[in-house]
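Colleague: I'd like to ask some things about the structure below.
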Amino acid sequence: MPTCVECGASVRDLYTKYSKDNIRLTSCEKCNRFADKYIEHDFVIIFIDMLLLKPQVYRHLLFNRIAQSGSGIEPHVARFAILLILFEVYIKWFRLETYYADYNSTFAPRPLYHQYLYILALCIFEFVAFHGFIRLAIQLLLPSSKKIRYNYVAMALVISSFGKMLLILMVIWDYKQLEYSWLVGLIVLASNTEALSVYLGISSLRVLFIMIIGILGKFMAQFIFTFVDGVSDHTIWISL
């Protein structure tokens, strides 16, 4: 059911369509504001509000843009998840070549196709571990009576990870040390926290604890992956 982005109350519809180019936004009966102002906003405004961590934009994306039925992942969200993984592969590879050229690494002498497939497998393993630990943390910390659709939790995390794409600007502008990449990581963490807080209806502090568990799970998966493969320079991979 459509949701008011301002107060979170359910509404019957978001707008009334009179003709092809003529619609009238519905007002929420609870807060008396437009139920979803983002229907008339373009992508630039939505993106800026996502950067500003406005809960209204995440209600718009999670409740009014994504069909609230089914148990799978929306195709466009799945495509974005694949894009994020491939982009993560590129960034790890870029950092490896930039930072650790002087290391006596057991990874560097491998063929390029082997390096790519290795980093791709690592990124997929990290992605699965991160989402798995987030799900485990939610199951442990939230009451069992609360009905949660974990496919929507996954989609909320994927959508709110848009900040990872900002790293491409540092690569394009030749920031050789990617010295501000930690700031992008904070943006992603903050947006993930806000999106899950909106979807789960709990405080940001509790969601932050859930996110920390997910991040620790990701680091654990990274260490296990490199240890099993026999890569000796674990400290390099943990910092990527």
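In the structure tokens, chains take letters A, B, ... by order of appearance, with residues numbered from 1 within each chain and ligands from 1 in the order shown.
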Just want the 12 Å neighbourhood of stretch 8-19 of chain A, counted on only C-alpha atoms, with same-chain residues fewer than 4 positions away dropped. Output as a ChimeraX atom specification.
Modeller: /A:1-4,23-40,55-60,62-65,198-201
Colleague: Please produce a file of the residues just selected, as a tab-separated table (two decimals), in the first residue's frame, where the atoms kept are N, CA and C atoms.
Modeller:
chain	number	residue	atom	x	y	z
A	1	MET	N	0.84	-1.20	0.00
A	1	MET	CA	0.00	0.00	0.00
A	1	MET	C	0.88	1.25	0.00
A	2	PRO	N	0.54	2.26	-0.80
A	2	PRO	CA	1.34	3.49	-0.83
A	2	PRO	C	1.50	4.11	0.55
A	3	THR	N	2.61	4.82	0.74
A	3	THR	CA	2.95	5.39	2.05
A	3	THR	C	3.23	6.87	1.92
A	4	CYS	N	2.78	7.63	2.88
A	4	CYS	CA	3.10	9.06	2.93
A	4	CYS	C	4.57	9.20	3.29
A	23	ILE	N	-1.83	15.61	-13.44
A	23	ILE	CA	-2.09	14.82	-12.24
A	23	ILE	C	-2.23	15.76	-11.04
A	24	ARG	N	-2.88	15.25	-10.03
A	24	ARG	CA	-3.04	16.01	-8.78
A	24	ARG	C	-2.56	15.14	-7.63
A	25	LEU	N	-1.56	15.64	-6.90
A	25	LEU	CA	-1.00	14.88	-5.80
A	25	LEU	C	-2.01	14.72	-4.67
A	26	THR	N	-1.99	13.57	-4.05
A	26	THR	CA	-2.90	13.29	-2.94
A	26	THR	C	-2.32	13.82	-1.65
A	27	SER	N	-3.18	14.42	-0.83
A	27	SER	CA	-2.77	14.89	0.49
A	27	SER	C	-3.01	13.80	1.52
A	28	CYS	N	-2.08	13.67	2.44
A	28	CYS	CA	-2.19	12.67	3.51
A	28	CYS	C	-3.23	13.13	4.53
A	29	GLU	N	-4.13	12.27	4.91
A	29	GLU	CA	-5.18	12.61	5.87
A	29	GLU	C	-4.62	12.79	7.28
A	30	LYS	N	-3.44	12.23	7.53
A	30	LYS	CA	-2.86	12.32	8.87
A	30	LYS	C	-2.05	13.60	9.08
A	31	CYS	N	-1.20	13.94	8.12
A	31	CYS	CA	-0.33	15.12	8.29
A	31	CYS	C	-0.72	16.29	7.41
A	32	ASN	N	-1.68	16.08	6.50
A	32	ASN	CA	-2.20	17.12	5.61
A	32	ASN	C	-1.15	17.70	4.67
A	33	ARG	N	-0.13	16.92	4.38
A	33	ARG	CA	0.86	17.30	3.38
A	33	ARG	C	0.78	16.33	2.21
A	34	PHE	N	1.42	16.71	1.10
A	34	PHE	CA	1.40	15.82	-0.05
A	34	PHE	C	1.98	14.47	0.34
A	35	ALA	N	1.29	13.41	-0.07
A	35	ALA	CA	1.72	12.07	0.33
A	35	ALA	C	3.09	11.72	-0.25
A	36	ASP	N	3.35	12.14	-1.48
A	36	ASP	CA	4.65	11.86	-2.09
A	36	ASP	C	4.99	12.96	-3.09
A	37	LYS	N	5.72	13.95	-2.60
A	37	LYS	CA	6.10	15.08	-3.45
A	37	LYS	C	7.12	14.69	-4.51
A	38	TYR	N	7.83	13.55	-4.30
A	38	TYR	CA	8.90	13.16	-5.23
A	38	TYR	C	8.37	12.65	-6.56
A	39	ILE	N	7.07	12.44	-6.66
A	39	ILE	CA	6.49	12.01	-7.93
A	39	ILE	C	6.73	13.07	-9.00
A	40	GLU	N	6.72	14.33	-8.59
A	40	GLU	CA	6.90	15.43	-9.54
A	40	GLU	C	8.35	15.93	-9.58
A	55	PRO	N	14.78	11.15	5.30
A	55	PRO	CA	13.97	9.92	5.37
A	55	PRO	C	12.84	9.90	4.35
A	56	GLN	N	12.34	11.08	3.96
A	56	GLN	CA	11.24	11.13	2.99
A	56	GLN	C	11.62	10.47	1.66
A	57	VAL	N	12.86	10.71	1.21
A	57	VAL	CA	13.26	10.17	-0.10
A	57	VAL	C	13.41	8.65	-0.03
A	58	TYR	N	13.81	8.14	1.13
A	58	TYR	CA	13.92	6.69	1.25
A	58	TYR	C	12.54	6.03	1.38
A	59	ARG	N	11.58	6.72	1.99
A	59	ARG	CA	10.21	6.20	1.98
A	59	ARG	C	9.67	6.17	0.56
A	60	HIS	N	9.98	7.20	-0.21
A	60	HIS	CA	9.55	7.24	-1.62
A	60	HIS	C	10.12	6.06	-2.39
A	62	LEU	N	11.59	3.17	-1.22
A	62	LEU	CA	11.38	1.83	-0.68
A	62	LEU	C	9.92	1.41	-0.64
A	63	PHE	N	9.02	2.37	-0.46
A	63	PHE	CA	7.60	2.02	-0.32
A	63	PHE	C	6.76	2.37	-1.54
A	64	ASN	N	7.14	3.42	-2.25
A	64	ASN	CA	6.29	3.89	-3.36
A	64	ASN	C	6.87	3.61	-4.74
A	65	ARG	N	8.16	3.36	-4.83
A	65	ARG	CA	8.76	3.04	-6.12
A	65	ARG	C	8.87	1.53	-6.33
A	198	VAL	N	14.39	3.66	8.18
A	198	VAL	CA	13.09	3.98	7.58
A	198	VAL	C	12.29	2.71	7.33
A	199	TYR	N	12.94	1.69	6.77
A	199	TYR	CA	12.20	0.48	6.41
A	199	TYR	C	11.80	-0.34	7.64
A	200	LEU	N	12.72	-0.48	8.61
A	200	LEU	CA	12.43	-1.30	9.78
A	200	LEU	C	11.63	-0.55	10.84
A	201	GLY	N	11.62	0.78	10.77
A	201	GLY	CA	10.87	1.56	11.74
A	201	GLY	C	11.49	1.55	13.12
Colleague: List the spatial neighbours of A:Leu120 as a VMD selection string - criterion: any atom at most 10 Å away, only C-alpha atoms, same-chain residues fewer than 2 positions off excluded.
Modeller: chain A and resid 85 to 90 92 to 93 114 to 118 122 to 126
Colleague: Save out the residues we just selected, N, CA, C and O atoms, as an mmCIF file, in the first residue's frame.
Modeller:
data_model
loop_
_atom_site.group_PDB
_atom_site.id
_atom_site.type_symbol
_atom_site.label_atom_id
_atom_site.label_comp_id
_atom_site.auth_asym_id
_atom_site.auth_seq_id
_atom_site.Cartn_x
_atom_site.Cartn_y
_atom_site.Cartn_z
ATOM 1 N N ILE A 85 28.872 -4.389 -7.519
ATOM 2 C CA ILE A 85 29.897 -5.425 -7.339
ATOM 3 C C ILE A 85 31.017 -5.249 -8.357
ATOM 4 O O ILE A 85 32.206 -5.305 -8.018
ATOM 5 N N LEU A 86 30.652 -5.014 -9.625
ATOM 6 C CA LEU A 86 31.665 -4.819 -10.665
ATOM 7 C C LEU A 86 32.493 -3.559 -10.395
ATOM 8 O O LEU A 86 33.711 -3.539 -10.631
ATOM 9 N N PHE A 87 31.841 -2.533 -9.884
ATOM 10 C CA PHE A 87 32.561 -1.310 -9.556
ATOM 11 C C PHE A 87 33.505 -1.549 -8.379
ATOM 12 O O PHE A 87 34.623 -1.024 -8.353
ATOM 13 N N GLU A 88 33.071 -2.352 -7.419
ATOM 14 C CA GLU A 88 33.924 -2.704 -6.282
ATOM 15 C C GLU A 88 35.157 -3.465 -6.758
ATOM 16 O O GLU A 88 36.262 -3.267 -6.241
ATOM 17 N N VAL A 89 34.981 -4.334 -7.751
ATOM 18 C CA VAL A 89 36.118 -5.064 -8.323
ATOM 19 C C VAL A 89 37.125 -4.079 -8.915
ATOM 20 O O VAL A 89 38.345 -4.180 -8.669
ATOM 21 N N TYR A 90 36.627 -3.116 -9.662
ATOM 22 C CA TYR A 90 37.520 -2.134 -10.292
ATOM 23 C C TYR A 90 38.278 -1.322 -9.248
ATOM 24 O O TYR A 90 39.492 -1.094 -9.380
ATOM 25 N N LYS A 92 38.973 -2.098 -6.072
ATOM 26 C CA LYS A 92 39.964 -2.929 -5.382
ATOM 27 C C LYS A 92 41.193 -3.130 -6.266
ATOM 28 O O LYS A 92 42.328 -3.062 -5.788
ATOM 29 N N TRP A 93 40.966 -3.383 -7.516
ATOM 30 C CA TRP A 93 42.073 -3.596 -8.448
ATOM 31 C C TRP A 93 42.902 -2.313 -8.596
ATOM 32 O O TRP A 93 44.133 -2.343 -8.603
ATOM 33 N N HIS A 114 43.279 -13.980 -14.061
ATOM 34 C CA HIS A 114 43.172 -14.650 -12.763
ATOM 35 C C HIS A 114 42.957 -13.616 -11.660
ATOM 36 O O HIS A 114 42.167 -13.840 -10.731
ATOM 37 N N GLN A 115 43.649 -12.502 -11.751
ATOM 38 C CA GLN A 115 43.464 -11.434 -10.765
ATOM 39 C C GLN A 115 42.025 -10.932 -10.779
ATOM 40 O O GLN A 115 41.407 -10.742 -9.729
ATOM 41 N N TYR A 116 41.488 -10.721 -12.002
ATOM 42 C CA TYR A 116 40.115 -10.205 -12.111
ATOM 43 C C TYR A 116 39.107 -11.200 -11.525
ATOM 44 O O TYR A 116 38.223 -10.806 -10.745
ATOM 45 N N LEU A 117 39.211 -12.452 -11.895
ATOM 46 C CA LEU A 117 38.277 -13.459 -11.406
ATOM 47 C C LEU A 117 38.398 -13.631 -9.896
ATOM 48 O O LEU A 117 37.400 -13.835 -9.197
ATOM 49 N N TYR A 118 39.621 -13.528 -9.392
ATOM 50 C CA TYR A 118 39.849 -13.654 -7.956
ATOM 51 C C TYR A 118 39.162 -12.511 -7.200
ATOM 52 O O TYR A 118 38.434 -12.730 -6.226
ATOM 53 N N LEU A 122 35.972 -12.553 -4.679
ATOM 54 C CA LEU A 122 36.091 -11.958 -3.347
ATOM 55 C C LEU A 122 34.967 -10.960 -3.087
ATOM 56 O O LEU A 122 34.347 -10.960 -2.019
ATOM 57 N N CYS A 123 34.686 -10.104 -4.072
ATOM 58 C CA CYS A 123 33.639 -9.087 -3.907
ATOM 59 C C CYS A 123 32.259 -9.727 -3.761
ATOM 60 O O CYS A 123 31.433 -9.262 -2.960
ATOM 61 N N ILE A 124 31.992 -10.783 -4.517
ATOM 62 C CA ILE A 124 30.711 -11.480 -4.392
ATOM 63 C C ILE A 124 30.588 -12.121 -3.012
ATOM 64 O O ILE A 124 29.542 -12.046 -2.363
ATOM 65 N N PHE A 125 31.680 -12.741 -2.551
ATOM 66 C CA PHE A 125 31.686 -13.376 -1.227
ATOM 67 C C PHE A 125 31.463 -12.336 -0.137
ATOM 68 O O PHE A 125 30.709 -12.562 0.823
ATOM 69 N N GLU A 126 32.104 -11.173 -0.259
ATOM 70 C CA GLU A 126 31.912 -10.085 0.707
ATOM 71 C C GLU A 126 30.465 -9.595 0.693
ATOM 72 O O GLU A 126 29.864 -9.348 1.749
#
Colleague: Would you mind listing what lies within 7 Å of stretch 150-156 of chain A as an MDAnalysis selection string, with only C-alpha atoms counted and same-chain residues fewer than 2 positions away left out?
Modeller: chainID A and resid 62 71:73 77 131 148 158:160 195:196
Colleague: Only N, CA, C and O atoms, please: the residues just picked out, written as a tab-separated table (two decimals), in the first residue's frame.
Modeller:
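Once everything was written out, this is again.tsv:
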chain	number	residue	atom	x	y	z
A	62	LEU	N	11.59	3.17	-1.22
A	62	LEU	CA	11.38	1.83	-0.68
A	62	LEU	C	9.92	1.41	-0.64
A	62	LEU	O	9.61	0.22	-0.77
A	71	SER	N	8.55	-11.96	-3.40
A	71	SER	CA	9.64	-12.33	-2.51
A	71	SER	C	11.00	-12.19	-3.18
A	71	SER	O	12.02	-12.56	-2.60
A	72	GLY	N	11.03	-11.66	-4.39
A	72	GLY	CA	12.30	-11.55	-5.11
A	72	GLY	C	12.86	-10.14	-5.04
A	72	GLY	O	12.45	-9.30	-4.24
A	73	ILE	N	13.84	-9.91	-5.91
A	73	ILE	CA	14.49	-8.61	-6.02
A	73	ILE	C	14.04	-7.94	-7.31
A	73	ILE	O	14.01	-8.57	-8.36
A	77	VAL	N	16.87	-3.11	-9.36
A	77	VAL	CA	17.70	-3.14	-8.15
A	77	VAL	C	18.78	-4.21	-8.29
A	77	VAL	O	19.93	-4.01	-7.89
A	131	HIS	N	25.32	-9.05	3.57
A	131	HIS	CA	23.87	-9.14	3.64
A	131	HIS	C	23.43	-10.27	4.58
A	131	HIS	O	22.42	-10.14	5.28
A	148	ILE	N	9.22	-9.10	8.86
A	148	ILE	CA	10.23	-8.43	8.03
A	148	ILE	C	10.43	-9.22	6.75
A	148	ILE	O	10.64	-10.44	6.80
A	158	VAL	N	21.04	-2.10	-1.05
A	158	VAL	CA	21.59	-1.87	-2.39
A	158	VAL	C	21.32	-0.44	-2.84
A	158	VAL	O	22.23	0.27	-3.30
A	159	ILE	N	20.08	0.00	-2.72
A	159	ILE	CA	19.72	1.35	-3.17
A	159	ILE	C	20.50	2.41	-2.41
A	159	ILE	O	21.00	3.38	-3.00
A	160	SER	N	20.63	2.23	-1.11
A	160	SER	CA	21.31	3.24	-0.28
A	160	SER	C	22.83	3.16	-0.37
A	160	SER	O	23.52	3.96	0.25
A	195	ALA	N	18.34	4.27	5.50
A	195	ALA	CA	17.40	3.47	4.72
A	195	ALA	C	16.82	2.33	5.56
A	195	ALA	O	15.61	2.08	5.53
A	196	LEU	N	17.68	1.63	6.31
A	196	LEU	CA	17.18	0.53	7.15
A	196	LEU	C	16.32	1.06	8.30
A	196	LEU	O	15.35	0.42	8.69
Colleague: So which one's closest to A:Met220, A:Leu142, A:Val188, A:Ala129, A:Leu166? Using only C-alpha atoms, please.
Modeller: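 Using only C-alpha atoms, the shortest distance to A:Met220 belongs to A:Ala129.
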Colleague: Please return as a VMD selection string: the residues of stretch 7-229 of chain A that backbone DSSP assigns to alpha helix (DSSP H).
Modeller: chain A and resid 43 to 51 55 to 59 75 to 99 112 to 141 150 to 159 167 to 172 181 to 200 204 to 229
Colleague: Report as a ChimeraX atom specification all protein, DNA and RNA residues lying within 8 Å of stretch 210-217 of chain A, evaluated on only C-alpha atoms, omitting residues in the same chain fewer than 6 positions from it.
Modeller: /A:129-134,137-138,189,192-193
Colleague: Could you dump the residues just selected with N, CA and C atoms as a CSV table (one decimal), in the first residue's frame?
Modeller:
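Writing the result to result-v8.csv gives the following:
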chain,number,residue,atom,x,y,z
A,129,ALA,N,28.2,-12.2,2.3
A,129,ALA,CA,28.5,-12.2,3.8
A,129,ALA,C,27.9,-11.0,4.5
A,130,PHE,N,28.1,-9.8,3.9
A,130,PHE,CA,27.5,-8.6,4.5
A,130,PHE,C,26.0,-8.6,4.6
A,131,HIS,N,25.3,-9.0,3.6
A,131,HIS,CA,23.9,-9.1,3.6
A,131,HIS,C,23.4,-10.3,4.6
A,132,GLY,N,24.2,-11.4,4.6
A,132,GLY,CA,23.9,-12.5,5.5
A,132,GLY,C,24.0,-12.1,7.0
A,133,PHE,N,25.0,-11.4,7.3
A,133,PHE,CA,25.2,-10.9,8.7
A,133,PHE,C,24.2,-9.9,9.1
A,134,ILE,N,23.8,-9.0,8.1
A,134,ILE,CA,22.8,-8.0,8.4
A,134,ILE,C,21.5,-8.7,8.8
A,137,ALA,N,21.8,-10.3,12.2
A,137,ALA,CA,21.7,-9.3,13.3
A,137,ALA,C,20.2,-8.9,13.5
A,138,ILE,N,19.5,-8.7,12.4
A,138,ILE,CA,18.1,-8.3,12.5
A,138,ILE,C,17.3,-9.4,13.2
A,189,LEU,N,27.7,4.3,4.8
A,189,LEU,CA,27.3,3.8,6.1
A,189,LEU,C,26.1,4.6,6.6
A,192,ASN,N,23.0,3.8,4.4
A,192,ASN,CA,22.5,2.4,4.7
A,192,ASN,C,21.7,2.5,6.0
A,193,THR,N,22.3,3.2,7.0
A,193,THR,CA,21.6,3.3,8.3
A,193,THR,C,20.3,4.0,8.2
Colleague: Which residues are near A:Leu186? Cut-off 12 Å, only C-alpha atoms, ignore same chain within fewer than 4 positions. Put them as a list in words.
Modeller: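 The residues that qualify are Leu51, Ser161, Gly163, Lys164, Leu166, Tyr180, Ser181, Trp182, Ala190, Ser191, Asn192, Thr193, Leu208 and Met211 of chain A.
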Colleague: Could the residues in this selection be written to a file with N, CA, C and O atoms, as a compact mmCIF listing (two decimals), in the first residue's frame?
Modeller:
# COMPACT_ATOMS: atom_id res chain seq x y z
N LEU A 51 21.66 12.15 -0.68
CA LEU A 51 22.92 12.58 -0.08
C LEU A 51 22.69 13.28 1.25
O LEU A 51 23.51 13.18 2.18
N SER A 161 23.36 2.21 -1.15
CA SER A 161 24.81 2.12 -1.36
C SER A 161 25.24 2.92 -2.58
O SER A 161 26.36 2.73 -3.09
N GLY A 163 26.32 5.73 -2.82
CA GLY A 163 27.50 6.56 -2.57
C GLY A 163 28.79 5.94 -3.05
O GLY A 163 29.78 6.65 -3.30
N LYS A 164 28.82 4.61 -3.20
CA LYS A 164 30.04 3.96 -3.69
C LYS A 164 30.42 4.44 -5.08
O LYS A 164 31.60 4.42 -5.45
N LEU A 166 30.51 7.36 -6.06
CA LEU A 166 31.25 8.62 -6.00
C LEU A 166 32.75 8.41 -6.10
O LEU A 166 33.49 9.32 -6.48
N TYR A 180 40.41 10.48 0.20
CA TYR A 180 39.10 10.81 0.76
C TYR A 180 38.11 9.66 0.63
O TYR A 180 36.91 9.86 0.81
N SER A 181 38.60 8.49 0.30
CA SER A 181 37.69 7.35 0.13
C SER A 181 37.00 6.97 1.44
O SER A 181 35.89 6.46 1.43
N TRP A 182 37.66 7.27 2.58
CA TRP A 182 37.03 6.98 3.87
C TRP A 182 35.75 7.81 4.06
O TRP A 182 34.79 7.36 4.69
N ALA A 190 26.16 5.91 6.48
CA ALA A 190 25.06 6.76 6.95
C ALA A 190 23.80 6.54 6.13
O ALA A 190 22.69 6.46 6.69
N SER A 191 23.93 6.40 4.81
CA SER A 191 22.75 6.18 3.97
C SER A 191 22.16 4.79 4.18
O SER A 191 20.93 4.62 4.19
N ASN A 192 23.01 3.78 4.36
CA ASN A 192 22.52 2.43 4.70
C ASN A 192 21.74 2.47 6.01
O ASN A 192 20.66 1.86 6.13
N THR A 193 22.29 3.17 6.99
CA THR A 193 21.64 3.27 8.31
C THR A 193 20.29 3.96 8.20
O THR A 193 19.29 3.51 8.77
N LEU A 208 22.54 1.24 13.40
CA LEU A 208 23.99 1.38 13.31
C LEU A 208 24.68 0.16 13.91
O LEU A 208 25.69 -0.31 13.36
N MET A 211 24.45 -2.50 11.40
CA MET A 211 25.39 -2.26 10.31
C MET A 211 26.82 -2.64 10.71
O MET A 211 27.58 -3.19 9.89
Colleague: Kindly give the distance, in Å, that separates atom CA of A:Ile91 and atom CA of A:Phe162, rounded to a single decimal.
Modeller: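 Computed distance, atom CA of A:Ile91 to atom CA of A:Phe162, equals 14.6 Å.
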Colleague: In Å, with one decimal, what is the gap from atom CA of A:Lys218 to atom CA of A:Ala121?
Modeller: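 Taking atom CA of A:Lys218 as the start and atom CA of A:Ala121 as the end point, the length is 13.3 Å.
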